[in-house]
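model17.tsv, holding TSV, C-alpha atoms:
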```
chain	number	residue	atom	x	y	z
A	1	MET	CA	-16.13	25.69	16.32
A	2	LEU	CA	-17.77	26.01	12.91
A	3	GLU	CA	-17.00	22.35	12.21
A	4	PHE	CA	-18.72	21.47	15.47
A	5	ILE	CA	-21.84	23.45	14.54
A	6	LYS	CA	-21.98	21.90	11.08
A	7	GLN	CA	-22.69	18.42	12.46
A	8	PRO	CA	-26.35	17.38	12.76
A	9	TRP	CA	-27.60	18.56	16.15
A	10	HIS	CA	-28.64	16.25	18.97
A	11	TRP	CA	-32.35	16.19	19.94
A	12	ALA	CA	-31.62	17.39	23.48
A	13	VAL	CA	-29.69	20.44	22.22
A	14	SER	CA	-32.38	21.25	19.65
A	15	GLY	CA	-35.23	20.76	22.13
A	16	THR	CA	-33.52	22.97	24.69
A	17	ILE	CA	-33.04	25.83	22.23
A	18	ILE	CA	-36.63	25.57	20.99
A	19	GLY	CA	-37.86	25.53	24.60
A	20	LEU	CA	-35.86	28.68	25.32
A	21	ILE	CA	-37.62	30.56	22.51
A	22	VAL	CA	-40.69	30.74	24.79
A	23	PRO	CA	-39.00	32.81	27.55
A	24	MET	CA	-37.03	34.81	24.94
A	25	LEU	CA	-40.25	36.07	23.31
A	26	LEU	CA	-41.87	36.73	26.68
A	27	ILE	CA	-38.92	38.71	27.99
A	28	LEU	CA	-38.37	40.63	24.74
A	29	GLY	CA	-41.92	41.94	24.65
A	30	ASN	CA	-44.52	39.77	26.40
A	31	LYS	CA	-45.11	37.83	23.17
A	32	LYS	CA	-46.59	34.32	23.13
A	33	PHE	CA	-44.86	31.69	21.02
A	34	GLY	CA	-46.96	30.73	18.01
A	35	ILE	CA	-46.75	30.47	14.25
A	36	SER	CA	-50.07	29.58	12.64
A	37	SER	CA	-51.60	32.95	13.54
A	38	SER	CA	-49.32	34.50	10.92
A	39	PHE	CA	-51.63	32.94	8.27
A	40	ARG	CA	-54.64	34.56	9.87
A	41	HIS	CA	-52.99	37.98	9.99
A	42	ILE	CA	-52.27	37.70	6.26
A	43	CYS	CA	-55.97	37.00	5.65
A	44	ALA	CA	-56.92	39.93	7.88
A	45	ALA	CA	-54.49	42.27	6.15
A	46	CYS	CA	-54.96	41.22	2.51
A	47	PHE	CA	-58.43	39.75	1.99
A	48	PRO	CA	-60.66	40.12	5.05
A	49	GLY	CA	-63.76	40.09	2.81
A	50	ASP	CA	-66.76	40.75	4.98
A	51	ILE	CA	-65.71	38.09	7.49
A	52	LYS	CA	-65.91	39.04	11.15
A	53	PHE	CA	-63.11	36.62	12.09
A	54	PHE	CA	-60.67	38.74	10.06
A	55	LYS	CA	-61.85	42.17	11.21
A	56	TYR	CA	-59.48	43.02	13.99
A	57	ASP	CA	-56.42	45.20	14.44
A	58	TRP	CA	-53.89	42.94	12.67
A	59	LYS	CA	-51.28	45.70	12.84
A	60	LYS	CA	-50.86	44.89	16.51
A	61	GLU	CA	-49.69	41.39	15.52
A	62	ILE	CA	-47.14	42.15	12.82
A	63	TRP	CA	-44.37	41.03	15.19
A	64	ASN	CA	-45.44	37.50	14.19
A	65	TRP	CA	-44.48	38.12	10.52
A	66	PHE	CA	-41.06	39.37	11.59
A	67	PHE	CA	-40.70	36.16	13.60
A	68	VAL	CA	-41.68	33.78	10.77
A	69	GLY	CA	-39.55	35.80	8.33
A	70	GLY	CA	-36.64	35.13	10.69
A	71	ILE	CA	-37.37	31.39	10.53
A	72	ALA	CA	-37.02	31.45	6.74
A	73	ILE	CA	-33.80	33.51	6.93
A	74	GLY	CA	-32.34	31.22	9.62
A	75	ALA	CA	-33.17	28.15	7.54
A	76	PHE	CA	-31.49	29.75	4.53
A	77	ILE	CA	-28.34	30.49	6.56
A	78	ALA	CA	-28.21	26.97	8.01
A	79	SER	CA	-28.72	25.22	4.69
A	80	THR	CA	-26.31	27.50	2.82
A	81	PHE	CA	-23.41	28.04	5.23
A	82	LEU	CA	-23.75	25.42	7.95
A	83	THR	CA	-24.23	22.19	6.02
A	84	ASN	CA	-22.11	19.23	6.87
A	85	PRO	CA	-20.24	18.23	3.69
A	86	GLY	CA	-21.15	14.73	2.63
A	87	GLU	CA	-23.94	14.58	5.15
A	88	ILE	CA	-26.56	11.97	4.41
A	89	ILE	CA	-29.95	12.05	6.09
A	90	GLN	CA	-30.15	9.17	8.55
A	91	ILE	CA	-33.47	7.39	8.31
A	92	ALA	CA	-34.70	4.60	10.57
A	93	PRO	CA	-34.31	1.31	8.61
A	94	LYS	CA	-37.97	0.35	9.06
A	95	THR	CA	-39.20	3.71	7.74
A	96	LEU	CA	-36.68	3.61	4.88
A	97	GLU	CA	-38.06	0.23	3.86
A	98	ILE	CA	-41.68	1.46	3.99
A	99	LEU	CA	-40.89	4.63	2.00
A	100	LYS	CA	-39.04	2.61	-0.66
A	101	SER	CA	-42.12	0.41	-0.98
A	102	TYR	CA	-44.09	3.62	-1.75
A	103	GLY	CA	-41.73	4.21	-4.68
A	104	ILE	CA	-39.69	7.03	-3.11
A	105	THR	CA	-36.15	6.98	-4.48
A	106	ASP	CA	-34.54	10.22	-3.31
A	107	PHE	CA	-33.19	10.18	0.25
A	108	ASN	CA	-30.42	12.74	-0.16
A	109	ASN	CA	-32.14	15.85	1.12
A	110	LEU	CA	-34.54	16.99	3.83
A	111	LEU	CA	-37.50	16.47	1.50
A	112	PRO	CA	-37.77	13.78	-1.18
A	113	ALA	CA	-37.38	15.32	-4.64
A	114	ASP	CA	-39.80	12.64	-5.93
A	115	LEU	CA	-42.62	14.62	-4.35
A	116	PHE	CA	-41.48	18.15	-3.61
A	117	ASN	CA	-40.62	19.78	-6.92
A	118	TRP	CA	-42.29	22.30	-9.23
A	119	GLU	CA	-42.90	19.71	-11.98
A	120	ASN	CA	-45.41	18.04	-9.66
A	121	LEU	CA	-47.42	21.22	-9.14
A	122	PHE	CA	-50.24	20.43	-11.59
A	123	THR	CA	-50.25	16.69	-10.98
A	124	PHE	CA	-52.16	14.46	-8.59
A	125	LYS	CA	-49.10	14.39	-6.31
A	126	GLY	CA	-49.08	18.18	-6.22
A	127	LEU	CA	-52.78	18.28	-5.44
A	128	ILE	CA	-52.27	16.02	-2.40
A	129	PHE	CA	-48.92	17.23	-1.05
A	130	PHE	CA	-49.17	20.99	-1.70
A	131	VAL	CA	-52.83	21.91	-2.12
A	132	ILE	CA	-54.69	19.53	0.20
A	133	GLY	CA	-51.78	19.33	2.67
A	134	GLY	CA	-51.65	23.11	2.91
A	135	LEU	CA	-55.43	23.48	3.23
A	136	LEU	CA	-55.54	20.90	6.06
A	137	ILE	CA	-52.76	22.69	7.94
A	138	GLY	CA	-54.32	26.15	7.61
A	139	PHE	CA	-57.88	25.06	8.33
A	140	GLY	CA	-56.98	22.60	11.09
A	141	THR	CA	-54.61	24.82	13.07
A	142	ARG	CA	-57.06	27.69	13.13
A	143	TYR	CA	-59.97	25.41	14.07
A	144	ALA	CA	-57.81	23.92	16.86
A	145	GLY	CA	-56.77	27.43	17.94
A	146	GLY	CA	-53.05	26.84	17.48
A	147	CYS	CA	-50.35	24.62	16.00
A	148	THR	CA	-47.50	22.59	17.45
A	149	SER	CA	-45.76	25.77	18.62
A	150	GLY	CA	-48.82	27.42	20.16
A	151	HIS	CA	-50.47	24.38	21.71
A	152	SER	CA	-47.83	21.67	22.11
A	153	ILE	CA	-45.06	23.96	23.37
A	154	MET	CA	-46.46	27.31	24.61
A	155	GLY	CA	-49.79	25.84	25.77
A	156	LEU	CA	-48.35	22.75	27.45
A	157	ALA	CA	-45.68	24.89	29.14
A	158	ASN	CA	-48.52	27.00	30.54
A	159	LEU	CA	-50.32	23.79	31.68
A	160	GLN	CA	-53.44	24.33	29.57
A	161	LYS	CA	-55.84	21.39	29.42
A	162	ALA	CA	-57.04	22.56	25.98
A	163	SER	CA	-53.49	22.30	24.67
A	164	LEU	CA	-53.06	18.79	26.02
A	165	VAL	CA	-56.25	17.72	24.23
A	166	ALA	CA	-55.10	19.44	21.03
A	167	THR	CA	-51.65	17.80	21.20
A	168	ILE	CA	-53.17	14.33	21.67
A	169	PHE	CA	-55.38	14.83	18.62
A	170	PHE	CA	-52.54	16.34	16.53
A	171	MET	CA	-50.63	13.12	17.15
A	172	ALA	CA	-53.71	10.94	16.54
A	173	GLY	CA	-54.31	12.69	13.19
A	174	GLY	CA	-50.67	12.24	12.25
A	175	PHE	CA	-50.66	8.54	13.10
A	176	ILE	CA	-53.86	7.92	11.11
A	177	SER	CA	-52.48	9.90	8.20
A	178	ALA	CA	-49.01	8.34	8.10
A	179	ASN	CA	-50.17	4.75	8.58
A	180	ILE	CA	-53.52	4.67	6.76
A	181	PHE	CA	-53.93	7.62	4.37
A	182	ILE	CA	-50.38	7.98	3.04
A	183	PRO	CA	-50.02	4.27	2.08
A	184	LEU	CA	-53.40	4.58	0.29
A	185	ILE	CA	-52.33	7.79	-1.48
A	186	PHE	CA	-49.20	6.13	-2.84
A	187	LYS	CA	-51.27	3.24	-4.19
A	188	LEU	CA	-53.08	5.78	-6.39
A	189	PHE	CA	-49.92	7.04	-8.12
B	1	MET	CA	-44.92	54.47	8.44
B	2	ASN	CA	-47.12	54.59	11.49
B	3	LEU	CA	-48.80	51.32	12.32
B	4	THR	CA	-49.96	52.24	15.77
B	5	ASP	CA	-52.49	55.02	15.21
B	6	HIS	CA	-55.54	52.74	15.25
B	7	LYS	CA	-57.60	52.68	18.44
B	8	GLU	CA	-58.92	49.18	19.01
B	9	THR	CA	-62.55	48.67	19.96
B	10	GLN	CA	-63.57	46.07	22.55
B	11	GLU	CA	-65.14	43.95	19.79
B	12	GLU	CA	-61.96	44.03	17.75
B	13	ILE	CA	-59.95	42.92	20.75
B	14	GLU	CA	-62.29	39.98	21.29
B	15	ILE	CA	-62.12	38.94	17.65
B	16	ARG	CA	-58.35	39.22	17.66
B	17	HIS	CA	-58.19	36.78	20.58
B	18	GLN	CA	-60.54	34.28	18.96
B	19	ASP	CA	-59.10	30.84	18.16
B	20	THR	CA	-55.51	31.85	18.53
B	21	PHE	CA	-52.67	31.51	20.94
B	22	CYS	CA	-50.12	34.18	20.38
B	23	THR	CA	-51.99	37.45	20.59
B	24	ASN	CA	-50.00	40.51	21.46
B	25	GLU	CA	-50.98	41.56	24.98
B	26	SER	CA	-48.52	44.39	25.21
B	27	LYS	CA	-50.07	47.80	25.78
B	28	LEU	CA	-46.88	49.46	24.60
B	29	THR	CA	-46.53	50.87	21.13
B	30	HIS	CA	-43.18	50.96	19.43
B	31	PRO	CA	-41.95	51.91	15.97
B	32	TRP	CA	-42.38	48.99	13.56
B	33	TRP	CA	-38.67	48.31	13.27
B	34	TYR	CA	-38.54	47.30	16.94
B	35	ASN	CA	-39.99	44.03	15.63
B	36	PHE	CA	-36.64	43.07	14.08
B	37	LYS	CA	-35.63	41.57	17.41
B	38	TYR	CA	-38.25	38.89	16.76
B	39	THR	CA	-36.61	38.26	13.41
B	40	LEU	CA	-33.42	37.43	15.28
B	41	VAL	CA	-35.26	34.96	17.54
B	42	GLY	CA	-36.90	33.46	14.45
B	43	MET	CA	-33.47	33.02	12.84
B	44	ILE	CA	-32.30	30.94	15.80
B	45	PHE	CA	-35.44	28.82	15.42
B	46	GLY	CA	-34.84	28.43	11.67
B	47	ILE	CA	-31.24	27.33	12.16
B	48	VAL	CA	-32.29	24.68	14.72
B	49	PHE	CA	-35.05	23.48	12.39
B	50	VAL	CA	-32.51	22.77	9.65
B	51	LYS	CA	-29.56	21.57	11.75
B	52	ALA	CA	-31.68	19.12	13.75
B	53	GLU	CA	-33.47	18.09	10.51
B	54	ILE	CA	-36.82	18.78	12.20
B	55	ILE	CA	-38.13	20.15	8.89
B	56	SER	CA	-37.35	16.86	7.19
B	57	TRP	CA	-40.32	15.02	5.72
B	58	PHE	CA	-38.51	11.82	6.68
B	59	ARG	CA	-38.32	12.76	10.39
B	60	ILE	CA	-42.08	13.29	10.47
B	61	GLN	CA	-42.74	9.92	8.81
B	62	GLU	CA	-40.45	8.29	11.40
B	63	MET	CA	-42.29	10.03	14.23
B	64	PHE	CA	-45.71	8.87	13.05
B	65	GLN	CA	-44.48	5.39	12.17
B	66	ALA	CA	-42.93	5.25	15.67
B	67	THR	CA	-39.60	4.07	14.27
B	68	SER	CA	-37.41	6.78	15.81
B	69	PHE	CA	-37.24	8.54	19.16
B	70	PHE	CA	-35.74	11.73	17.72
B	71	MET	CA	-38.81	13.97	17.34
B	72	TYR	CA	-40.24	12.82	20.66
B	73	GLY	CA	-36.93	13.79	22.24
B	74	VAL	CA	-37.02	17.25	20.63
B	75	LEU	CA	-40.64	17.97	21.56
B	76	GLY	CA	-40.32	16.51	25.06
B	77	THR	CA	-37.19	18.53	25.85
B	78	ALA	CA	-38.76	21.69	24.42
B	79	VAL	CA	-41.87	21.25	26.58
B	80	VAL	CA	-39.86	20.66	29.76
B	81	VAL	CA	-37.52	23.62	29.15
B	82	SER	CA	-40.36	25.99	28.26
B	83	ALA	CA	-42.52	24.79	31.19
B	84	VAL	CA	-39.69	25.41	33.66
B	85	SER	CA	-39.13	28.85	32.08
B	86	VAL	CA	-42.81	29.77	32.34
B	87	PHE	CA	-42.90	28.52	35.94
B	88	LEU	CA	-39.90	30.69	36.87
B	89	ILE	CA	-41.27	33.76	35.06
B	90	ARG	CA	-44.54	33.39	37.00
B	91	LYS	CA	-42.88	32.63	40.33
B	92	PHE	CA	-40.68	35.70	40.19
B	93	GLY	CA	-43.30	37.85	38.42
B	94	LEU	CA	-40.78	38.85	35.77
B	95	SER	CA	-41.26	41.74	33.39
B	96	SER	CA	-40.26	42.22	29.77
B	97	ILE	CA	-37.20	44.32	28.90
B	98	TYR	CA	-39.54	47.30	28.61
B	99	GLY	CA	-40.69	46.87	32.21
B	100	GLU	CA	-44.10	45.49	31.33
B	101	LYS	CA	-45.26	42.58	33.49
B	102	ILE	CA	-45.39	39.28	31.58
B	103	THR	CA	-48.94	37.91	31.41
B	104	PHE	CA	-50.44	34.49	30.68
B	105	GLU	CA	-53.92	33.70	29.41
B	106	ASN	CA	-55.98	30.59	29.83
B	107	LYS	CA	-57.23	28.75	26.80
B	108	GLU	CA	-60.82	27.57	26.77
B	109	LEU	CA	-61.46	23.95	25.95
B	110	ASN	CA	-63.70	23.44	22.91
B	111	LYS	CA	-64.46	20.87	20.20
B	112	GLY	CA	-62.04	22.58	17.85
B	113	GLN	CA	-59.16	21.07	19.79
B	114	ILE	CA	-60.49	17.67	18.72
B	115	TYR	CA	-61.79	18.16	15.16
B	116	GLY	CA	-59.37	20.89	14.15
B	117	ALA	CA	-56.43	19.09	15.73
B	118	LEU	CA	-57.23	15.85	13.87
B	119	ILE	CA	-57.48	17.74	10.57
B	120	PHE	CA	-54.17	19.49	11.17
B	121	GLY	CA	-52.52	16.19	12.24
B	122	ILE	CA	-53.49	14.62	8.91
B	123	GLY	CA	-51.94	17.55	7.04
B	124	TRP	CA	-48.85	17.45	9.25
B	125	ALA	CA	-47.99	13.89	8.19
B	126	ILE	CA	-48.73	14.58	4.50
B	127	THR	CA	-46.63	17.73	4.16
B	128	GLY	CA	-44.05	16.64	6.75
B	129	ALA	CA	-44.36	20.05	8.32
B	130	CYS	CA	-46.32	22.07	10.81
B	131	PRO	CA	-46.58	25.82	10.16
B	132	GLY	CA	-43.12	26.76	11.53
B	133	PRO	CA	-41.23	24.19	9.43
B	134	LEU	CA	-43.16	25.26	6.31
B	135	PHE	CA	-41.40	28.64	6.48
B	136	ALA	CA	-38.08	26.88	7.17
B	137	GLN	CA	-38.53	24.47	4.24
B	138	ALA	CA	-39.21	27.41	1.92
B	139	GLY	CA	-36.20	29.29	3.31
B	140	SER	CA	-33.85	26.35	2.92
B	141	GLY	CA	-34.40	26.27	-0.83
B	142	PHE	CA	-37.55	24.21	-1.40
B	143	SER	CA	-39.34	27.03	-3.19
B	144	ILE	CA	-42.32	24.81	-4.05
B	145	ILE	CA	-43.36	25.03	-0.39
B	146	ILE	CA	-44.52	28.59	-1.11
B	147	VAL	CA	-47.48	26.88	-2.80
B	148	THR	CA	-48.21	24.90	0.40
B	149	ILE	CA	-48.01	28.11	2.45
B	150	PHE	CA	-50.41	29.80	0.01
B	151	PHE	CA	-52.92	26.99	0.51
B	152	ALA	CA	-52.42	27.05	4.29
B	153	ILE	CA	-53.44	30.73	4.17
B	154	THR	CA	-56.40	29.73	1.97
B	155	GLY	CA	-57.36	27.04	4.51
B	156	THR	CA	-57.27	29.61	7.28
B	157	TRP	CA	-59.50	31.89	5.21
B	158	ILE	CA	-62.00	29.06	4.60
B	159	TYR	CA	-62.11	28.43	8.35
B	160	GLY	CA	-62.82	32.12	8.98
B	161	LYS	CA	-65.55	32.12	6.34
B	162	PHE	CA	-67.39	29.11	7.78
B	163	ARG	CA	-66.45	29.52	11.45
B	164	ASP	CA	-70.04	30.18	12.58
B	165	LYS	CA	-71.30	26.95	11.02
B	166	LEU	CA	-68.68	24.69	12.62
B	167	PRO	CA	-69.15	22.94	15.98
B	168	HIS	CA	-67.04	24.54	18.69
```
Let me see the structure of the file written as structure tokens.
Amino acid sequence: MLEFIKQPWHWAVSGTIIGLIVPMLLILGNKKFGISSSFRHICAACFPGDIKFFKYDWKKEIWNWFFVGGIAIGAFIASTFLTNPGEIIQIAPKTLEILKSYGITDFNNLLPADLFNWENLFTFKGLIFFVIGGLLIGFGTRYAGGCTSGHSIMGLANLQKASLVATIFFMAGGFISANIFIPLIFKLF
Amino acid sequence: MNLTDHKETQEEIEIRHQDTFCTNESKLTHPWWYNFKYTLVGMIFGIVFVKAEIISWFRIQEMFQATSFFMYGVLGTAVVVSAVSVFLIRKFGLSSIYGEKITFENKELNKGQIYGALIFGIGWAITGACPGPLFAQAGSGFSIIIVTIFFAITGTWIYGKFRDKLPH
């Protein structure tokens, strides 16, 4: 059984489990699936300043921190106890070729060590991949009113037109970024 | 520790619902540790994130370079399963385990779902993560991602600060 779980999971299995999180949260306490709001509640709790957008009863939303904390714990469990020995990340040949042309050399883990390590923190790479990347995610999800979880799963499941628009533009932004901006960024290194 | 003694004003409720999806609609108040059941649900999510390699920077590049079906399969399946679940919950008017009727809110269409979504999409491809996977990447040992999370919180704060000046 454990050996079976340790294999990389099929997309249909993974998608089904993620889809079932929506009814689980609803049935456990009428909670709507979403992640990016956890950032906002941290702002509201720790540094609301004099900003109206952060002056609300954040204590009502602390369930969301318990949820995202669980994500981190689950990821720790999976990457510590459920790894497939000798597992190599499968990457589509075309993408592998493109990434190699960017100068990426590490393909052994979920994130390339060339980019995602502490030594890069105060470098140009760090500025792009941690600082600007993080700012875009935080600013963009709040401006859009939700992230992939809130809009593309919860919102689409609830047949919201706003979520369909948001999902289309999430994807558009991603395509522009991956095919235009990222190749340019790597030319600068 | 009593987190439920605050009486919310109407204005606070409106602000809480602004630009967000997953507000807590429940009128019930429970001790804080009741929230640990959401930690368990989160753990399932975290395990799937890692085992299906959804938190992989490489998967996201494949998705946006359209060289692999994998992420489209995951998202598509998740949408279908959750849509069927929501449909059934509505059809049978189901209640939560505490007997409270499950409610759904409509989301108003505004320009944020264009501008904000484009901005987030750009960040998604760069970091290889949306907000959920950021927490999973940090949890699976990439401690540097804590820096990305810090700046995501900062980005949220900047949005809040300049919200009134942005087109909506």
Could you jot down the CA of Gly49 (chain A) to CA of Gly138 (chain A) separation for me, Å, one decimal place? 17.5 Å
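Counting all atoms listed in the file, the residue from A:Gly155, A:Gly126, A:Gly86, A:Gly140 that sits nearest to chain B is A:Gly140.
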Region 134-146 of chain B: which residues within 10 Å, counting only C-alpha atoms, same-chain residues fewer than 6 positions away excluded, as a PyMOL selection string? (chain A and resi 35+68-80+110-111+113+116-121+126+129-130+134) or (chain B and resi 42-43+45-50+54-57+127-128+152)
Emit the selected residues as a PDB file, in the frame of the given file, including C-alpha atoms.
```pdb
ATOM      1  CA  ILE A  35     -46.750  30.470  14.250  1.00  0.00           C
ATOM      2  CA  VAL A  68     -41.680  33.780  10.770  1.00  0.00           C
ATOM      3  CA  GLY A  69     -39.550  35.800   8.330  1.00  0.00           C
ATOM      4  CA  GLY A  70     -36.640  35.130  10.690  1.00  0.00           C
ATOM      5  CA  ILE A  71     -37.370  31.390  10.530  1.00  0.00           C
ATOM      6  CA  ALA A  72     -37.020  31.450   6.740  1.00  0.00           C
ATOM      7  CA  ILE A  73     -33.800  33.510   6.930  1.00  0.00           C
ATOM      8  CA  GLY A  74     -32.340  31.220   9.620  1.00  0.00           C
ATOM      9  CA  ALA A  75     -33.170  28.150   7.540  1.00  0.00           C
ATOM     10  CA  PHE A  76     -31.490  29.750   4.530  1.00  0.00           C
ATOM     11  CA  ILE A  77     -28.340  30.490   6.560  1.00  0.00           C
ATOM     12  CA  ALA A  78     -28.210  26.970   8.010  1.00  0.00           C
ATOM     13  CA  SER A  79     -28.720  25.220   4.690  1.00  0.00           C
ATOM     14  CA  THR A  80     -26.310  27.500   2.820  1.00  0.00           C
ATOM     15  CA  LEU A 110     -34.540  16.990   3.830  1.00  0.00           C
ATOM     16  CA  LEU A 111     -37.500  16.470   1.500  1.00  0.00           C
ATOM     17  CA  ALA A 113     -37.380  15.320  -4.640  1.00  0.00           C
ATOM     18  CA  PHE A 116     -41.480  18.150  -3.610  1.00  0.00           C
ATOM     19  CA  ASN A 117     -40.620  19.780  -6.920  1.00  0.00           C
ATOM     20  CA  TRP A 118     -42.290  22.300  -9.230  1.00  0.00           C
ATOM     21  CA  GLU A 119     -42.900  19.710 -11.980  1.00  0.00           C
ATOM     22  CA  ASN A 120     -45.410  18.040  -9.660  1.00  0.00           C
ATOM     23  CA  LEU A 121     -47.420  21.220  -9.140  1.00  0.00           C
ATOM     24  CA  GLY A 126     -49.080  18.180  -6.220  1.00  0.00           C
ATOM     25  CA  PHE A 129     -48.920  17.230  -1.050  1.00  0.00           C
ATOM     26  CA  PHE A 130     -49.170  20.990  -1.700  1.00  0.00           C
ATOM     27  CA  GLY A 134     -51.650  23.110   2.910  1.00  0.00           C
TER      28      GLY A 134
ATOM     29  CA  GLY B  42     -36.900  33.460  14.450  1.00  0.00           C
ATOM     30  CA  MET B  43     -33.470  33.020  12.840  1.00  0.00           C
ATOM     31  CA  PHE B  45     -35.440  28.820  15.420  1.00  0.00           C
ATOM     32  CA  GLY B  46     -34.840  28.430  11.670  1.00  0.00           C
ATOM     33  CA  ILE B  47     -31.240  27.330  12.160  1.00  0.00           C
ATOM     34  CA  VAL B  48     -32.290  24.680  14.720  1.00  0.00           C
ATOM     35  CA  PHE B  49     -35.050  23.480  12.390  1.00  0.00           C
ATOM     36  CA  VAL B  50     -32.510  22.770   9.650  1.00  0.00           C
ATOM     37  CA  ILE B  54     -36.820  18.780  12.200  1.00  0.00           C
ATOM     38  CA  ILE B  55     -38.130  20.150   8.890  1.00  0.00           C
ATOM     39  CA  SER B  56     -37.350  16.860   7.190  1.00  0.00           C
ATOM     40  CA  TRP B  57     -40.320  15.020   5.720  1.00  0.00           C
ATOM     41  CA  THR B 127     -46.630  17.730   4.160  1.00  0.00           C
ATOM     42  CA  GLY B 128     -44.050  16.640   6.750  1.00  0.00           C
ATOM     43  CA  ALA B 152     -52.420  27.050   4.290  1.00  0.00           C
TER      44      ALA B 152
END
```
Would you mind listing what lies within 9 Å of Ile91 (chain A) as a PyMOL selection string, with only C-alpha atoms counted and same-chain residues fewer than 2 positions away left out? (chain A and resi 89+93-96+107) or (chain B and resi 58-59+62+68)
Serialized selection, C-alpha atoms, as a PDB file, in the frame of the given file:
```pdb
ATOM      1  CA  ILE A  89     -29.950  12.050   6.090  1.00  0.00           C
ATOM      2  CA  PRO A  93     -34.310   1.310   8.610  1.00  0.00           C
ATOM      3  CA  LYS A  94     -37.970   0.350   9.060  1.00  0.00           C
ATOM      4  CA  THR A  95     -39.200   3.710   7.740  1.00  0.00           C
ATOM      5  CA  LEU A  96     -36.680   3.610   4.880  1.00  0.00           C
ATOM      6  CA  PHE A 107     -33.190  10.180   0.250  1.00  0.00           C
TER       7      PHE A 107
ATOM      8  CA  PHE B  58     -38.510  11.820   6.680  1.00  0.00           C
ATOM      9  CA  ARG B  59     -38.320  12.760  10.390  1.00  0.00           C
ATOM     10  CA  GLU B  62     -40.450   8.290  11.400  1.00  0.00           C
ATOM     11  CA  SER B  68     -37.410   6.780  15.810  1.00  0.00           C
TER      12      SER B  68
END
```
What is the distance between CA of Tyr72 (chain B) and CA of Ile102 (chain B), in Å to one decimal? 29.1 Å
Could you tell me which of A:Ile18, A:Leu184, A:Ala44, A:Leu127 comes closest to chain B if we count all atoms listed in the file? A:Ile18
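Counting from CA of Gly73 (chain B), the distance to CA of Thr16 (chain A) is 10.1 Å.
Among the candidate residues A:Leu156, A:Leu188, A:Ile21, A:Phe66, the one lying nearest to Phe124 (chain A) is A:Leu188, with distances computed using only C-alpha atoms.
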Nearest candidate to chain B (options A:Ala157, A:Cys147, A:Ile98, A:Leu115; using only C-alpha atoms):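 Going through A:Ala157, A:Cys147, A:Ile98, A:Leu115 one by one, the smallest distance to chain B is for A:Ala157.
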Top pick for closest residue to Asp19 (chain B), considering B:Thr67, B:Thr103, B:Gln113, B:Ser95 and counting all atoms listed in the file: B:Gln113
Proximity to chain A - best of B:Phe87, B:Ile60, B:Gln10, B:Phe151, all atoms listed in the file: B:Phe151
Starting from the point (-32.0, 16.7, 26.8), work out which residues of protein, DNA or RNA have an atom no more than 12 Å away when counting all atoms listed in the file; state them as a CSV table (one decimal) with C-alpha atoms, keeping the file's coordinate frame.
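Listing of point-v7.csv after writing:
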```
chain,number,residue,atom,x,y,z
A,9,TRP,CA,-27.6,18.6,16.2
A,10,HIS,CA,-28.6,16.2,19.0
A,11,TRP,CA,-32.4,16.2,19.9
A,12,ALA,CA,-31.6,17.4,23.5
A,13,VAL,CA,-29.7,20.4,22.2
A,14,SER,CA,-32.4,21.2,19.6
A,15,GLY,CA,-35.2,20.8,22.1
A,16,THR,CA,-33.5,23.0,24.7
A,17,ILE,CA,-33.0,25.8,22.2
A,18,ILE,CA,-36.6,25.6,21.0
A,19,GLY,CA,-37.9,25.5,24.6
B,70,PHE,CA,-35.7,11.7,17.7
B,71,MET,CA,-38.8,14.0,17.3
B,72,TYR,CA,-40.2,12.8,20.7
B,73,GLY,CA,-36.9,13.8,22.2
B,74,VAL,CA,-37.0,17.2,20.6
B,75,LEU,CA,-40.6,18.0,21.6
B,76,GLY,CA,-40.3,16.5,25.1
B,77,THR,CA,-37.2,18.5,25.8
B,78,ALA,CA,-38.8,21.7,24.4
B,79,VAL,CA,-41.9,21.2,26.6
B,80,VAL,CA,-39.9,20.7,29.8
B,81,VAL,CA,-37.5,23.6,29.2
```
Residues within 7 Å of Ala144 (chain A), please, as a short mmCIF file (atom, residue, chain, number, x, y, z; two decimals) with C-alpha atoms, in the frame of the given file. Count only C-alpha atoms; anything in the same chain fewer than 6 positions from it doesn't count.
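Once written, selection28.cif looks like this:
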```
data_model
loop_
_atom_site.label_atom_id
_atom_site.label_comp_id
_atom_site.auth_asym_id
_atom_site.auth_seq_id
_atom_site.Cartn_x
_atom_site.Cartn_y
_atom_site.Cartn_z
CA ALA A 166 -55.10 19.44 21.03
CA GLY B 112 -62.04 22.58 17.85
CA GLN B 113 -59.16 21.07 19.79
CA GLY B 116 -59.37 20.89 14.15
CA ALA B 117 -56.43 19.09 15.73
#
```
Quick one: everything within 12 Å of Asp57 (chain A), counting all atoms listed in the file, minus sequence neighbours fewer than 5 positions away in the same chain. Send it as a ChimeraX atom specification. /A:40-42,44-45,48,52,62 /B:3-17,23-24
Box in all listed atoms of region 89-98 of chain B, axis-aligned, with 6 Å more on each side; write out centre and edge lengths in Å to one decimal as AutoDock Vina command-line options.
```
--center_x -40.9 --center_y 40.0 --center_z 34.5 --size_x 19.3 --size_y 26.7 --size_z 23.7
```
Which residues are near Met154 (chain A)? Cut-off 12 Å, all atoms listed in the file, ignore same chain within fewer than 6 positions. Put them as a ChimeraX atom specification. /A:18-23,25-26,31-35,146-148,160,162-164,167 /B:20-22,75,78-87,104-107
Compute the distance from (-39.4, 38.2, 16.2) to each atom, counting all atoms listed in the file, keep the residues with any atom at most 7 Å away, and return them as a list in words; use the coordinates of the file. Trp63, Asn64, Phe66, Phe67 and Gly70 of chain A; Asn35, Phe36, Lys37, Tyr38, Thr39, Leu40, Val41 and Gly42 of chain B
